[in-house]
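Below: one structure, written as structure tokens.
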Amino acid sequence: MVKVILFDVDGTLIRTHGVGVEAFARAFHSLFNFPDTTKKISFAGRTDISLVKEYFRLNHYTPSQKDIQDFFPCYILWLERLIRQSDGEICPGVKEFIYAAYKLPSNPLIGLLTGNIRLGAEIKLKHFGLWDKFKVGAYADDSENRDQIARIAFARASQMLNNELQGNEVVVVGDTPYDIKCARAIGARMLAVTTGGYAREELAIHKPDWIVDTLLEISPEQLND
Ligand SMILES: [Mg+2]
């Protein structure tokens, strides 16, 4: 029986068509006058903290703790500004899947497991009217390491369920091999979606429990099979 469903954000719930990446570049340019280095970085599935460190590295700059702390408020300002002008969308089937999950007899806890910092996830999901659907979560603020973020999300969900949660009662929904790996780190089952850019074959190598092109192809009831 599924008790918890944890969703990745970018490429799984929503597509912002590069707004997050552009906000990264603009913030680094505003604060450090770095050129746009985003093309040299693979963003999908990564945590914000690890991306920030890589961005500094690519610009041959050794950041202080303060530099890293200064980055995020500036990134958030750019993200808020840019997302208002964006032509992004909710991925197909997401709303239907979440509404159906809320109606399951097992009443699963719906949460987030994302490499976004919490405020970044909140801004993105509020823009699309989805933020209030998620009752638990773990974020890049919690750890630089996505597997560790998964462990923290699991611990928080477990606490909300009187500490009786087993790994196989959790389903992680995500669009990259990183999502599949972090689901394994907590013994969860994994529903992979191809809405983020990774192809079916690329995700299949990592053996998720289900692969769908969109969440229209599967109902939350099927997670109990
Ligand atoms: Mg993603």
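Residue numbering restarts at 1 for every chain of the structure tokens, chains are lettered A, B, ... in their displayed order, and ligands are numbered from 1 as they appear.
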Practice task
Using only C-alpha atoms and all ligand atoms, find each protein or nucleic acid residue lying at most 6 Å from ligand 1; present the set as a VMD selection string.
Solution key: chain A and resid 8 to 12 44 to 45 174 to 176
For the selection just defined, write its residues with C-alpha atoms to a file, as a short mmCIF file (atom, residue, chain, number, x, y, z; two decimals), in the first residue's frame.
```
data_model
loop_
_atom_site.label_atom_id
_atom_site.label_comp_id
_atom_site.auth_asym_id
_atom_site.auth_seq_id
_atom_site.Cartn_x
_atom_site.Cartn_y
_atom_site.Cartn_z
CA ASP A 8 10.60 15.85 -8.13
CA VAL A 9 9.82 19.37 -9.45
CA ASP A 10 11.53 20.33 -12.74
CA GLY A 11 10.65 18.09 -15.66
CA THR A 12 8.30 16.04 -13.47
CA ALA A 44 18.73 18.10 -14.81
CA GLY A 45 18.38 16.18 -11.57
CA GLY A 174 10.99 11.79 -11.15
CA ASP A 175 12.46 12.39 -14.58
CA THR A 176 16.20 11.68 -14.28
#
```
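Selecting alpha helix (DSSP H) from the backbone DSSP output for range 132-199 of chain A yields Arg146, Asp147, Gln148, Ile149, Ala150, Arg151, Ile152, Ala153, Phe154, Ala155, Arg156, Ala157, Ser158, Gln159, Met160, Pro177, Tyr178, Asp179, Ile180, Lys181, Cys182, Ala183, Arg184 and Ala185 of chain A.
Within the 7 Å cut-off around range 110-114 of chain A, using only C-alpha atoms and omitting residues fewer than 2 positions from it on the same chain, the listed residues are A:Val4, A:Ile5, A:Leu6, A:Phe7, A:Asp8, A:Val9, A:Pro108, A:Asn116, A:Phe134, A:Lys135, A:Val136, A:Gly137, A:Ala138, A:Tyr139, A:Ala140, A:Ile149, A:Ala150, A:Ala153.
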Exercise for the section: Write out as a PyMOL selection string the residues lying within 10 Å of Glu217 in chain A, counting only C-alpha atoms and excluding same-chain residues fewer than 3 positions away. Expected result: chain A and resi 92-93+97+193+211-214
Practice task
Just the residues within 12 Å of Asp36 in chain A, please, counting only C-alpha atoms, with nothing from its chain fewer than 5 positions along; format it as a PyMOL selection string.
Solution key: chain A and resi 21-30+41+55-56+58-59
Written file, previous selection with C-alpha atoms, as an mmCIF file, in the first residue's frame:
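Dumped everything to result_29.cif:
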```cif
data_model
loop_
_atom_site.group_PDB
_atom_site.id
_atom_site.type_symbol
_atom_site.label_atom_id
_atom_site.label_comp_id
_atom_site.auth_asym_id
_atom_site.auth_seq_id
_atom_site.Cartn_x
_atom_site.Cartn_y
_atom_site.Cartn_z
ATOM 1 C CA VAL A 21 18.788 28.090 -15.490
ATOM 2 C CA GLU A 22 18.501 31.686 -16.670
ATOM 3 C CA ALA A 23 17.965 32.894 -13.095
ATOM 4 C CA PHE A 24 21.232 31.123 -12.182
ATOM 5 C CA ALA A 25 23.128 32.891 -14.960
ATOM 6 C CA ARG A 26 21.600 36.311 -14.182
ATOM 7 C CA ALA A 27 22.361 36.018 -10.459
ATOM 8 C CA PHE A 28 25.995 35.057 -11.087
ATOM 9 C CA HIS A 29 26.337 37.913 -13.529
ATOM 10 C CA SER A 30 24.731 40.426 -11.129
ATOM 11 C CA ILE A 41 26.564 22.471 -16.987
ATOM 12 C CA TYR A 55 29.392 27.375 -11.571
ATOM 13 C CA PHE A 56 32.049 28.966 -9.360
ATOM 14 C CA LEU A 58 33.921 26.832 -14.082
ATOM 15 C CA ASN A 59 34.642 30.506 -13.529
#
```
Exercise for the section: Work out how far apart CA of Phe32 in chain A and CA of Arg84 in chain A are and give it in Å to one decimal. Expected result: 24.5 Å
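Distance annotation: of A:Lys40, A:Lys103, A:Arg184, A:Arg189, the residue with the minimal separation from Gln148 in chain A is A:Arg184; atom set is only C-alpha atoms.
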List the spatial neighbours of Lys126 in chain A as an mmCIF file with N, CA and C atoms, in the first residue's frame - criterion: any atom at most 12 Å away, only C-alpha atoms, same-chain residues fewer than 3 positions off excluded.
```
data_model
loop_
_atom_site.group_PDB
_atom_site.id
_atom_site.type_symbol
_atom_site.label_atom_id
_atom_site.label_comp_id
_atom_site.auth_asym_id
_atom_site.auth_seq_id
_atom_site.Cartn_x
_atom_site.Cartn_y
_atom_site.Cartn_z
ATOM 1 N N VAL A 9 10.512 18.170 -8.937
ATOM 2 C CA VAL A 9 9.823 19.368 -9.452
ATOM 3 C C VAL A 9 10.056 19.549 -10.961
ATOM 4 N N LEU A 13 6.892 17.739 -12.433
ATOM 5 C CA LEU A 13 5.630 18.445 -12.175
ATOM 6 C C LEU A 13 5.427 19.576 -13.186
ATOM 7 N N ILE A 14 6.511 20.290 -13.430
ATOM 8 C CA ILE A 14 6.415 21.483 -14.293
ATOM 9 C C ILE A 14 7.608 21.556 -15.244
ATOM 10 N N GLU A 80 11.864 34.977 -9.379
ATOM 11 C CA GLU A 80 10.524 35.584 -9.249
ATOM 12 C C GLU A 80 10.212 36.473 -10.441
ATOM 13 N N ILE A 83 10.021 34.158 -13.872
ATOM 14 C CA ILE A 83 8.948 33.162 -14.006
ATOM 15 C C ILE A 83 7.631 33.849 -14.402
ATOM 16 N N ARG A 84 7.493 35.114 -14.011
ATOM 17 C CA ARG A 84 6.272 35.852 -14.388
ATOM 18 C C ARG A 84 6.176 36.037 -15.897
ATOM 19 N N ILE A 90 2.511 23.136 -16.592
ATOM 20 C CA ILE A 90 2.428 21.937 -15.755
ATOM 21 C C ILE A 90 2.542 20.742 -16.698
ATOM 22 N N ARG A 118 14.258 25.268 -1.085
ATOM 23 C CA ARG A 118 12.831 25.274 -0.757
ATOM 24 C C ARG A 118 12.114 26.479 -1.362
ATOM 25 N N LEU A 119 12.708 27.653 -1.215
ATOM 26 C CA LEU A 119 12.046 28.863 -1.714
ATOM 27 C C LEU A 119 11.941 28.849 -3.241
ATOM 28 N N GLY A 120 12.940 28.264 -3.895
ATOM 29 C CA GLY A 120 12.879 28.132 -5.355
ATOM 30 C C GLY A 120 11.727 27.231 -5.773
ATOM 31 N N ALA A 121 11.598 26.096 -5.090
ATOM 32 C CA ALA A 121 10.489 25.172 -5.386
ATOM 33 C C ALA A 121 9.155 25.857 -5.137
ATOM 34 N N GLU A 122 9.091 26.624 -4.037
ATOM 35 C CA GLU A 122 7.839 27.308 -3.680
ATOM 36 C C GLU A 122 7.451 28.333 -4.755
ATOM 37 N N ILE A 123 8.414 29.129 -5.194
ATOM 38 C CA ILE A 123 8.120 30.146 -6.219
ATOM 39 C C ILE A 123 7.645 29.480 -7.510
ATOM 40 N N GLY A 129 0.201 27.196 -9.352
ATOM 41 C CA GLY A 129 -0.932 26.849 -8.487
ATOM 42 C C GLY A 129 -0.846 25.462 -7.874
ATOM 43 N N LEU A 130 0.369 24.951 -7.712
ATOM 44 C CA LEU A 130 0.516 23.580 -7.201
ATOM 45 C C LEU A 130 1.079 23.495 -5.778
ATOM 46 N N TRP A 131 1.638 24.585 -5.284
ATOM 47 C CA TRP A 131 2.421 24.526 -4.038
ATOM 48 C C TRP A 131 1.645 23.929 -2.862
ATOM 49 N N ASP A 132 0.355 24.299 -2.739
ATOM 50 C CA ASP A 132 -0.395 23.858 -1.556
ATOM 51 C C ASP A 132 -0.784 22.381 -1.600
ATOM 52 N N LYS A 133 -0.435 21.691 -2.661
ATOM 53 C CA LYS A 133 -0.752 20.250 -2.743
ATOM 54 C C LYS A 133 0.239 19.402 -1.946
ATOM 55 N N PHE A 134 1.381 19.980 -1.580
ATOM 56 C CA PHE A 134 2.476 19.183 -1.010
ATOM 57 C C PHE A 134 2.603 19.433 0.490
#
```
Problem - Filtered DSSP result for range 19-215 of chain A, state strand (DSSP E or B), as a list in words - result: Glu89, Ile90, Leu109, Ile110, Gly111, Leu112, Leu113, Val136, Gly137, Ala138, Val170, Val171, Val172, Val173, Gly174, Arg189, Met190, Leu191, Ala192, Val193, Trp210, Ile211 and Val212 of chain A
Residues as selected, N, CA and C atoms, written as a JSON list (two decimals), in the first residue's frame, can you do that?
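Contents of out_34.json, as written:
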```json
[["chain", "number", "residue", "atom", "x", "y", "z"],
["A", 89, "GLU", "N", 4.87, 25.36, -18.25],
["A", 89, "GLU", "CA", 3.58, 24.66, -18.10],
["A", 89, "GLU", "C", 3.69, 23.56, -17.05],
["A", 90, "ILE", "N", 2.51, 23.14, -16.59],
["A", 90, "ILE", "CA", 2.43, 21.94, -15.76],
["A", 90, "ILE", "C", 2.54, 20.74, -16.70],
["A", 109, "LEU", "N", 0.37, 10.52, 1.83],
["A", 109, "LEU", "CA", 0.96, 11.83, 2.04],
["A", 109, "LEU", "C", 1.65, 12.23, 0.74],
["A", 110, "ILE", "N", 1.38, 13.45, 0.27],
["A", 110, "ILE", "CA", 1.94, 13.91, -1.00],
["A", 110, "ILE", "C", 3.04, 14.93, -0.69],
["A", 111, "GLY", "N", 4.23, 14.69, -1.22],
["A", 111, "GLY", "CA", 5.34, 15.58, -0.87],
["A", 111, "GLY", "C", 6.29, 15.84, -2.01],
["A", 112, "LEU", "N", 7.36, 16.57, -1.68],
["A", 112, "LEU", "CA", 8.38, 16.94, -2.66],
["A", 112, "LEU", "C", 9.73, 16.35, -2.26],
["A", 113, "LEU", "N", 10.48, 15.98, -3.27],
["A", 113, "LEU", "CA", 11.85, 15.51, -3.08],
["A", 113, "LEU", "C", 12.62, 16.11, -4.24],
["A", 136, "VAL", "N", 4.70, 17.71, 2.69],
["A", 136, "VAL", "CA", 5.99, 17.36, 3.29],
["A", 136, "VAL", "C", 7.04, 17.53, 2.20],
["A", 137, "GLY", "N", 8.31, 17.64, 2.58],
["A", 137, "GLY", "CA", 9.31, 17.76, 1.52],
["A", 137, "GLY", "C", 10.71, 17.86, 2.06],
["A", 138, "ALA", "N", 11.67, 17.65, 1.16],
["A", 138, "ALA", "CA", 13.08, 17.92, 1.47],
["A", 138, "ALA", "C", 13.68, 18.55, 0.22],
["A", 170, "VAL", "N", 6.74, 3.90, -0.06],
["A", 170, "VAL", "CA", 7.00, 5.22, -0.64],
["A", 170, "VAL", "C", 7.20, 5.07, -2.14],
["A", 171, "VAL", "N", 6.61, 5.98, -2.91],
["A", 171, "VAL", "CA", 6.87, 6.03, -4.36],
["A", 171, "VAL", "C", 7.49, 7.39, -4.66],
["A", 172, "VAL", "N", 8.62, 7.37, -5.35],
["A", 172, "VAL", "CA", 9.27, 8.60, -5.82],
["A", 172, "VAL", "C", 8.92, 8.77, -7.29],
["A", 173, "VAL", "N", 8.52, 9.97, -7.68],
["A", 173, "VAL", "CA", 8.20, 10.26, -9.08],
["A", 173, "VAL", "C", 9.24, 11.26, -9.59],
["A", 174, "GLY", "N", 9.95, 10.90, -10.67],
["A", 174, "GLY", "CA", 10.99, 11.79, -11.15],
["A", 174, "GLY", "C", 11.37, 11.53, -12.60],
["A", 189, "ARG", "N", 9.87, 2.66, -4.11],
["A", 189, "ARG", "CA", 9.61, 2.31, -5.49],
["A", 189, "ARG", "C", 9.65, 3.58, -6.32],
["A", 190, "MET", "N", 9.82, 3.41, -7.64],
["A", 190, "MET", "CA", 10.15, 4.56, -8.48],
["A", 190, "MET", "C", 9.30, 4.60, -9.74],
["A", 191, "LEU", "N", 8.64, 5.71, -9.93],
["A", 191, "LEU", "CA", 7.87, 5.96, -11.15],
["A", 191, "LEU", "C", 8.61, 7.02, -11.96],
["A", 192, "ALA", "N", 9.17, 6.60, -13.10],
["A", 192, "ALA", "CA", 9.93, 7.52, -13.95],
["A", 192, "ALA", "C", 9.03, 8.07, -15.05],
["A", 193, "VAL", "N", 9.21, 9.36, -15.33],
["A", 193, "VAL", "CA", 8.45, 10.02, -16.40],
["A", 193, "VAL", "C", 9.44, 10.60, -17.42],
["A", 210, "TRP", "N", 8.26, 1.71, -12.76],
["A", 210, "TRP", "CA", 7.36, 2.05, -13.87],
["A", 210, "TRP", "C", 8.04, 3.14, -14.70],
["A", 211, "ILE", "N", 7.78, 3.13, -16.01],
["A", 211, "ILE", "CA", 8.18, 4.27, -16.85],
["A", 211, "ILE", "C", 6.97, 4.67, -17.68],
["A", 212, "VAL", "N", 6.64, 5.95, -17.67],
["A", 212, "VAL", "CA", 5.55, 6.46, -18.50],
["A", 212, "VAL", "C", 6.02, 7.71, -19.23]]
```
